[in-house]
$ cat run19.txt   # compact mmCIF, C-alpha atoms
# COMPACT_ATOMS: atom_id res chain seq x y z
CA ALA A 1 -187.96 220.11 124.99
CA PRO A 2 -188.58 216.37 125.25
CA SER A 3 -190.24 214.89 128.32
CA PHE A 4 -188.92 211.88 130.17
CA LYS A 5 -190.75 208.79 131.35
CA ALA A 6 -189.74 205.80 133.44
CA SER A 7 -189.85 202.28 132.04
CA SER A 8 -188.63 198.82 133.00
CA GLU A 9 -185.55 199.34 130.82
CA GLY A 10 -184.81 202.77 132.22
CA ILE A 11 -185.77 206.34 131.48
CA THR A 12 -186.25 207.27 127.86
CA ALA A 13 -187.03 210.52 126.13
CA SER A 14 -190.55 210.91 124.86
CA LEU A 15 -190.21 212.51 121.42
CA PRO A 16 -192.98 213.51 119.01
CA MET A 17 -193.90 211.25 116.11
CA ALA A 18 -192.76 212.28 112.65
CA HIS A 19 -195.33 214.48 110.98
CA ALA A 20 -195.37 217.65 108.94
CA THR A 21 -196.38 220.96 110.44
CA GLN A 22 -196.89 224.25 108.67
CA ALA A 23 -196.42 227.61 110.34
CA GLY A 24 -196.94 230.72 108.27
CA LYS A 25 -194.89 230.37 105.12
CA GLY A 26 -192.69 227.54 106.44
CA MET A 27 -193.13 223.78 106.43
CA TYR A 28 -191.30 221.56 108.97
CA ILE A 29 -190.97 217.81 108.37
CA PRO A 30 -189.21 215.83 111.16
CA MET A 31 -186.84 213.07 110.08
CA ARG A 32 -187.54 209.56 111.25
CA GLU A 33 -185.40 208.69 114.26
CA LYS A 34 -183.61 205.58 113.01
CA PHE A 35 -181.39 205.24 109.96
CA GLY A 36 -181.77 202.32 107.59
CA HIS A 37 -185.21 203.10 106.14
CA THR A 38 -186.02 203.45 102.46
CA TRP A 39 -187.66 206.77 103.38
CA TYR A 40 -186.75 209.29 106.05
CA PHE A 41 -189.28 212.07 105.48
CA ASP A 42 -192.98 211.39 105.02
CA PRO A 43 -194.63 212.64 101.83
CA ILE A 44 -196.77 215.69 102.50
CA GLY A 45 -199.13 218.01 100.71
CA SER A 46 -200.56 221.48 101.19
CA THR A 47 -203.09 223.49 99.21
CA THR A 48 -201.86 226.81 100.64
CA PHE A 49 -198.11 226.39 100.09
CA ALA A 50 -196.24 227.70 97.05
CA LEU A 51 -195.43 224.15 95.92
CA ASN A 52 -198.30 221.95 94.82
CA VAL A 53 -198.77 218.39 96.04
CA PRO A 54 -196.99 216.61 93.13
CA GLU A 55 -194.00 218.95 93.42
CA LEU A 56 -193.73 218.41 97.17
CA THR A 57 -194.00 214.64 96.74
CA ASN A 58 -191.25 214.62 94.10
CA ILE A 59 -188.99 216.73 96.31
CA ILE A 60 -189.48 214.42 99.29
CA ASP A 61 -188.78 211.41 97.05
CA GLU A 62 -185.52 213.02 95.87
CA VAL A 63 -184.42 213.73 99.44
CA ASN A 64 -185.30 210.20 100.57
CA SER A 65 -183.44 208.68 97.61
CA THR A 66 -180.34 210.74 98.47
CA LEU A 67 -180.32 209.46 102.04
CA SER A 68 -181.09 205.87 101.05
CA ALA A 69 -178.17 205.86 98.59
CA ALA A 70 -175.82 207.31 101.22
CA LEU A 71 -177.00 204.84 103.91
CA PRO A 72 -177.31 201.45 102.20
CA LEU A 73 -178.92 198.79 104.33
CA TRP A 74 -176.10 196.30 103.71
CA ALA A 75 -173.54 198.73 105.17
CA LEU A 76 -175.65 199.32 108.27
CA MET A 77 -176.21 195.57 108.73
CA LEU A 78 -172.57 194.55 108.13
CA PRO A 79 -171.45 195.04 111.77
CA CYS A 80 -174.40 192.94 112.95
CA VAL A 81 -173.42 190.10 110.60
CA THR A 82 -169.74 190.14 111.56
CA THR A 83 -170.66 190.35 115.25
CA GLY A 84 -172.82 187.24 114.85
CA ILE A 85 -170.04 185.37 113.06
CA GLY A 86 -167.51 186.31 115.73
CA PHE A 87 -169.88 185.26 118.52
CA ALA A 88 -170.58 181.93 116.79
CA LEU A 89 -166.86 181.20 116.43
CA CYS A 90 -166.30 181.92 120.12
CA ILE A 91 -169.12 179.57 121.09
CA LEU A 92 -168.19 176.74 118.70
CA PHE A 93 -164.46 176.82 119.33
CA GLY A 94 -164.33 178.01 122.93
CA LEU A 95 -162.69 176.32 125.89
CA PRO A 96 -165.07 173.31 126.02
CA SER A 97 -164.17 172.31 122.46
CA TRP A 98 -160.45 172.29 123.26
CA THR A 99 -160.83 169.27 125.56
CA HIS A 100 -162.45 167.28 122.72
CA ALA A 101 -159.73 167.97 120.18
CA SER A 102 -158.46 164.67 118.83
CA ASP A 103 -154.84 165.72 118.37
CA GLY A 104 -152.47 168.64 118.69
CA THR A 105 -153.32 169.98 115.22
CA ALA A 106 -157.05 170.11 115.97
CA PHE A 107 -156.30 171.77 119.31
CA GLN A 108 -154.30 174.51 117.60
CA GLN A 109 -157.00 174.99 114.96
CA HIS A 110 -159.64 175.43 117.65
CA ARG A 111 -157.50 177.99 119.45
CA VAL A 112 -156.86 179.92 116.25
CA LEU A 113 -160.56 179.95 115.31
CA PHE A 114 -161.53 181.00 118.83
CA ALA A 115 -158.99 183.85 118.75
CA ALA A 116 -160.23 184.91 115.31
CA GLY A 117 -163.80 184.95 116.59
CA ALA A 118 -162.86 187.03 119.64
CA ILE A 119 -160.97 189.55 117.52
CA LEU A 120 -163.80 189.72 114.98
CA LEU A 121 -166.33 190.23 117.76
CA ALA A 122 -164.37 193.06 119.38
CA CYS A 123 -163.63 194.77 116.06
CA SER A 124 -167.25 194.48 114.95
CA VAL A 125 -168.57 196.18 118.07
CA GLN A 126 -166.09 199.06 117.97
CA GLY A 127 -165.96 199.28 114.19
CA GLY A 128 -169.74 199.19 113.91
CA ILE A 129 -170.06 202.34 116.01
CA ALA A 130 -167.38 204.13 114.00
CA LEU A 131 -168.91 202.98 110.69
CA LYS A 132 -172.38 204.20 111.61
CA CYS A 133 -171.03 207.60 112.70
CA GLU A 134 -169.09 208.00 109.46
CA LEU A 135 -172.01 206.90 107.27
CA THR A 136 -174.31 209.29 109.10
CA ARG A 137 -171.86 212.17 108.67
CA ARG A 138 -171.53 211.52 104.93
CA ALA A 139 -175.28 211.12 104.51
CA LEU A 140 -175.94 214.48 106.16
CA CYS A 141 -173.33 216.12 103.94
CA LYS A 142 -174.99 214.67 100.82
CA LEU A 143 -178.39 215.75 102.11
CA ARG A 144 -177.22 219.33 102.59
CA ARG A 145 -175.74 219.25 99.07
CA LYS A 146 -179.08 218.06 97.70
CA LEU A 147 -180.91 220.85 99.55
CA SER A 148 -178.48 223.36 98.04
CA GLU A 149 -179.36 222.01 94.59
CA LEU A 150 -183.05 222.41 95.39
CA ASP A 151 -182.38 225.98 96.55
CA ILE A 152 -180.87 226.79 93.17
CA ARG A 153 -183.65 225.04 91.28
CA PHE A 154 -186.45 226.90 93.07
CA ALA A 155 -184.66 230.22 93.68
CA HIS A 156 -186.73 231.98 90.98
CA ARG A 157 -189.87 231.11 92.96
CA GLY A 158 -188.47 232.31 96.28
CA ILE A 159 -188.48 228.87 97.96
CA GLU A 160 -185.67 227.82 100.29
CA PHE A 161 -184.70 224.44 101.75
CA HIS A 162 -182.85 223.92 105.02
CA LEU A 163 -181.91 221.08 107.36
CA GLN A 164 -182.68 222.08 110.93
CA GLU A 165 -180.76 220.32 113.71
CA SER A 166 -181.92 220.29 117.32
CA ASP A 167 -180.04 218.75 120.24
CA HIS A 168 -181.70 216.89 123.10
CA LEU A 169 -180.59 214.95 126.15
CA LEU A 170 -181.62 211.30 126.33
CA ALA A 171 -181.90 210.04 129.92
CA PHE A 172 -181.33 206.43 130.96
CA LYS A 173 -180.57 204.40 134.08
CA ARG A 174 -177.05 203.09 134.61
CA GLN A 175 -176.19 200.21 136.99
CA LEU A 176 -173.29 201.20 139.24
CA THR A 177 -172.94 197.93 141.19
CA LYS A 178 -174.68 194.57 141.34
CA GLN A 179 -177.10 195.92 143.92
CA PRO A 180 -180.50 196.69 142.34
CA GLN A 181 -180.82 199.95 144.27
CA ASP A 182 -177.46 201.30 143.05
CA LEU A 183 -178.78 203.02 139.95
CA GLU A 184 -177.71 206.33 138.50
CA VAL A 185 -179.62 208.47 136.05
CA ALA A 186 -177.31 209.49 133.22
CA THR A 187 -177.86 211.51 130.07
CA ALA A 188 -176.49 211.31 126.56
CA PRO A 189 -176.78 213.96 123.84
CA THR A 190 -178.78 213.12 120.74
CA SER A 191 -179.71 215.11 117.65
CA ARG A 192 -182.97 215.37 115.74
CA TYR A 193 -183.27 216.71 112.20
CA SER A 194 -186.12 218.40 110.36
CA LEU A 195 -186.51 219.40 106.75
CA VAL A 196 -187.56 223.04 106.50
CA ILE A 197 -189.18 224.34 103.32
CA GLN A 198 -190.07 228.00 103.38
CA GLU A 199 -190.96 230.89 101.15
CA SER A 200 -188.45 233.71 101.34
CA VAL A 201 -189.81 237.07 102.30
CA ALA A 202 -189.33 239.69 99.62

$ encode --input "run19.txt" --output "structure tokens"
Amino acid sequence: APSFKASSEGITASLPMAHATQAGKGMYIPMREKFGHTWYFDPIGSTTFALNVPELTNIIDEVNSTLSAALPLWALMLPCVTTGIGFALCILFGLPSWTHASDGTAFQQHRVLFAAGAILLACSVQGGIALKCELTRRALCKLRRKLSELDIRFAHRGIEFHLQESDHLLAFKRQLTKQPQDLEVATAPTSRYSLVIQESVA
């Protein structure tokens, strides 16, 4: 279970760094916490495992390529870009600019651009969350499909591939009122994933 520590921003979960561990005939490789990398699992090697180092490296590269293709950086950054554009439109064509409009046409244009910026900003925030959730769901589905392909490929050698999911609670401080002392500790569920490679027992 993760431990919790206090910080100036709040209380955050202290989670272990990504590294490979080997227990018996199984190998566990934690996934990096944030999406948007070009790699999600670190390359590993073992002289006692059924797969040699080049084979393990190629497998990790295949898994990382599958996730990178399913989670392109441009798609993850798109909500950030549209949010910035919407915020800029609200600033440039907000209420102060209306008083400097030279005529009625310019005044209407400023109002339209301000409204467009506000709508774009709101849709980007809400749509960005929905987009990330959907991309993550599809990426995990493609990852499980890839692991099934690896299962078939290495079935004759008795090697199995699994995606292990573990749920944790992330704690943080929430401001209830404007008073500094009115803080509440809240929790939010979060999931961690690990790639499991193991030799099946005959």

$ residues_around --input "run19.txt" --residues "Leu135 in chain A" --least-positions-apart "5" --cutoff "10 Å" --atoms "all atoms listed in the file" --output "ChimeraX atom specification"
/A:35,70-72,75-76,130,140-141

$ atom_distance --input "run19.txt" --atom1 "CA of Val81 in chain A" --atom2 "CA of Ala69 in chain A"
20.4 Å

$ atom_distance --input "run19.txt" --atom1 "CA of Ile129 in chain A" --atom2 "CA of Trp74 in chain A"
15.0 Å

$ residues_around --input "run19.txt" --residues "Leu89 in chain A" --least-positions-apart "3" --cutoff "10 Å" --atoms "only C-alpha atoms" --output "ChimeraX atom specification"
/A:83-86,92-94,110,113-118,120-121

$ atom_distance --input "run19.txt" --atom1 "CA of Leu51 in chain A" --atom2 "CA of Tyr193 in chain A"
21.6 Å

$ residues_around --input "run19.txt" --residues "Thr57 in chain A" --least-positions-apart "4" --cutoff "8 Å" --atoms "all atoms listed in the file" --output "list in words"
Pro43, Ile44, Gly45, Val53 and Asp61 of chain A

$ residues_near_point --input "run19.txt" --point "(-184.1, 227.0, 103.8)" --cutoff "10 Å" --atoms "all atoms listed in the file" --output "ChimeraX atom specification"
/A:26-27,147-148,150-151,159-164,195-200

$ closest_residue --input "run19.txt" --among "A:Ile91, A:Ser191, A:Ile119, A:Val112" --to "Thr136 in chain A" --atoms "all atoms listed in the file"
A:Ser191

$ closest_residue --input "run19.txt" --among "A:Tyr40, A:Arg192, A:Pro79, A:Ala122" --to "Leu67 in chain A" --atoms "all atoms listed in the file"
A:Tyr40

$ closest_residue --input "run19.txt" --among "A:Lys25, A:Lys132, A:Arg145, A:Arg32" --to "Ser46 in chain A" --atoms "only C-alpha atoms"
A:Lys25

$ decode --input "run19.txt" --residues "range 113-124 of chain A" --atoms "N, CA and C atoms" --output "PDB file, in the first residue's frame"
ATOM      1  N   LEU A 113     -16.086  36.928 -30.613  1.00  0.00           N
ATOM      2  CA  LEU A 113     -14.802  36.276 -30.366  1.00  0.00           C
ATOM      3  C   LEU A 113     -14.635  35.919 -28.895  1.00  0.00           C
ATOM      4  N   PHE A 114     -15.116  36.801 -28.022  1.00  0.00           N
ATOM      5  CA  PHE A 114     -15.050  36.503 -26.586  1.00  0.00           C
ATOM      6  C   PHE A 114     -15.916  35.289 -26.255  1.00  0.00           C
ATOM      7  N   ALA A 115     -17.123  35.242 -26.819  1.00  0.00           N
ATOM      8  CA  ALA A 115     -18.011  34.101 -26.573  1.00  0.00           C
ATOM      9  C   ALA A 115     -17.405  32.808 -27.127  1.00  0.00           C
ATOM     10  N   ALA A 116     -16.788  32.909 -28.312  1.00  0.00           N
ATOM     11  CA  ALA A 116     -16.146  31.725 -28.895  1.00  0.00           C
ATOM     12  C   ALA A 116     -14.999  31.234 -28.014  1.00  0.00           C
ATOM     13  N   GLY A 117     -14.237  32.184 -27.465  1.00  0.00           N
ATOM     14  CA  GLY A 117     -13.142  31.805 -26.583  1.00  0.00           C
ATOM     15  C   GLY A 117     -13.640  31.148 -25.310  1.00  0.00           C
ATOM     16  N   ALA A 118     -14.726  31.680 -24.734  1.00  0.00           N
ATOM     17  CA  ALA A 118     -15.275  31.104 -23.505  1.00  0.00           C
ATOM     18  C   ALA A 118     -15.804  29.695 -23.741  1.00  0.00           C
ATOM     19  N   ILE A 119     -16.484  29.513 -24.882  1.00  0.00           N
ATOM     20  CA  ILE A 119     -17.008  28.182 -25.201  1.00  0.00           C
ATOM     21  C   ILE A 119     -15.865  27.206 -25.457  1.00  0.00           C
ATOM     22  N   LEU A 120     -14.855  27.657 -26.210  1.00  0.00           N
ATOM     23  CA  LEU A 120     -13.706  26.800 -26.488  1.00  0.00           C
ATOM     24  C   LEU A 120     -12.968  26.417 -25.204  1.00  0.00           C
ATOM     25  N   LEU A 121     -12.850  27.375 -24.289  1.00  0.00           N
ATOM     26  CA  LEU A 121     -12.172  27.108 -23.026  1.00  0.00           C
ATOM     27  C   LEU A 121     -12.933  26.068 -22.202  1.00  0.00           C
ATOM     28  N   ALA A 122     -14.237  26.225 -22.110  1.00  0.00           N
ATOM     29  CA  ALA A 122     -15.044  25.279 -21.321  1.00  0.00           C
ATOM     30  C   ALA A 122     -15.038  23.889 -21.958  1.00  0.00           C
ATOM     31  N   CYS A 123     -15.193  23.850 -23.281  1.00  0.00           N
ATOM     32  CA  CYS A 123     -15.209  22.549 -23.963  1.00  0.00           C
ATOM     33  C   CYS A 123     -13.854  21.860 -23.896  1.00  0.00           C
ATOM     34  N   SER A 124     -12.780  22.637 -23.924  1.00  0.00           N
ATOM     35  CA  SER A 124     -11.443  22.051 -23.873  1.00  0.00           C
ATOM     36  C   SER A 124     -11.180  21.396 -22.527  1.00  0.00           C
TER      37      SER A 124
END
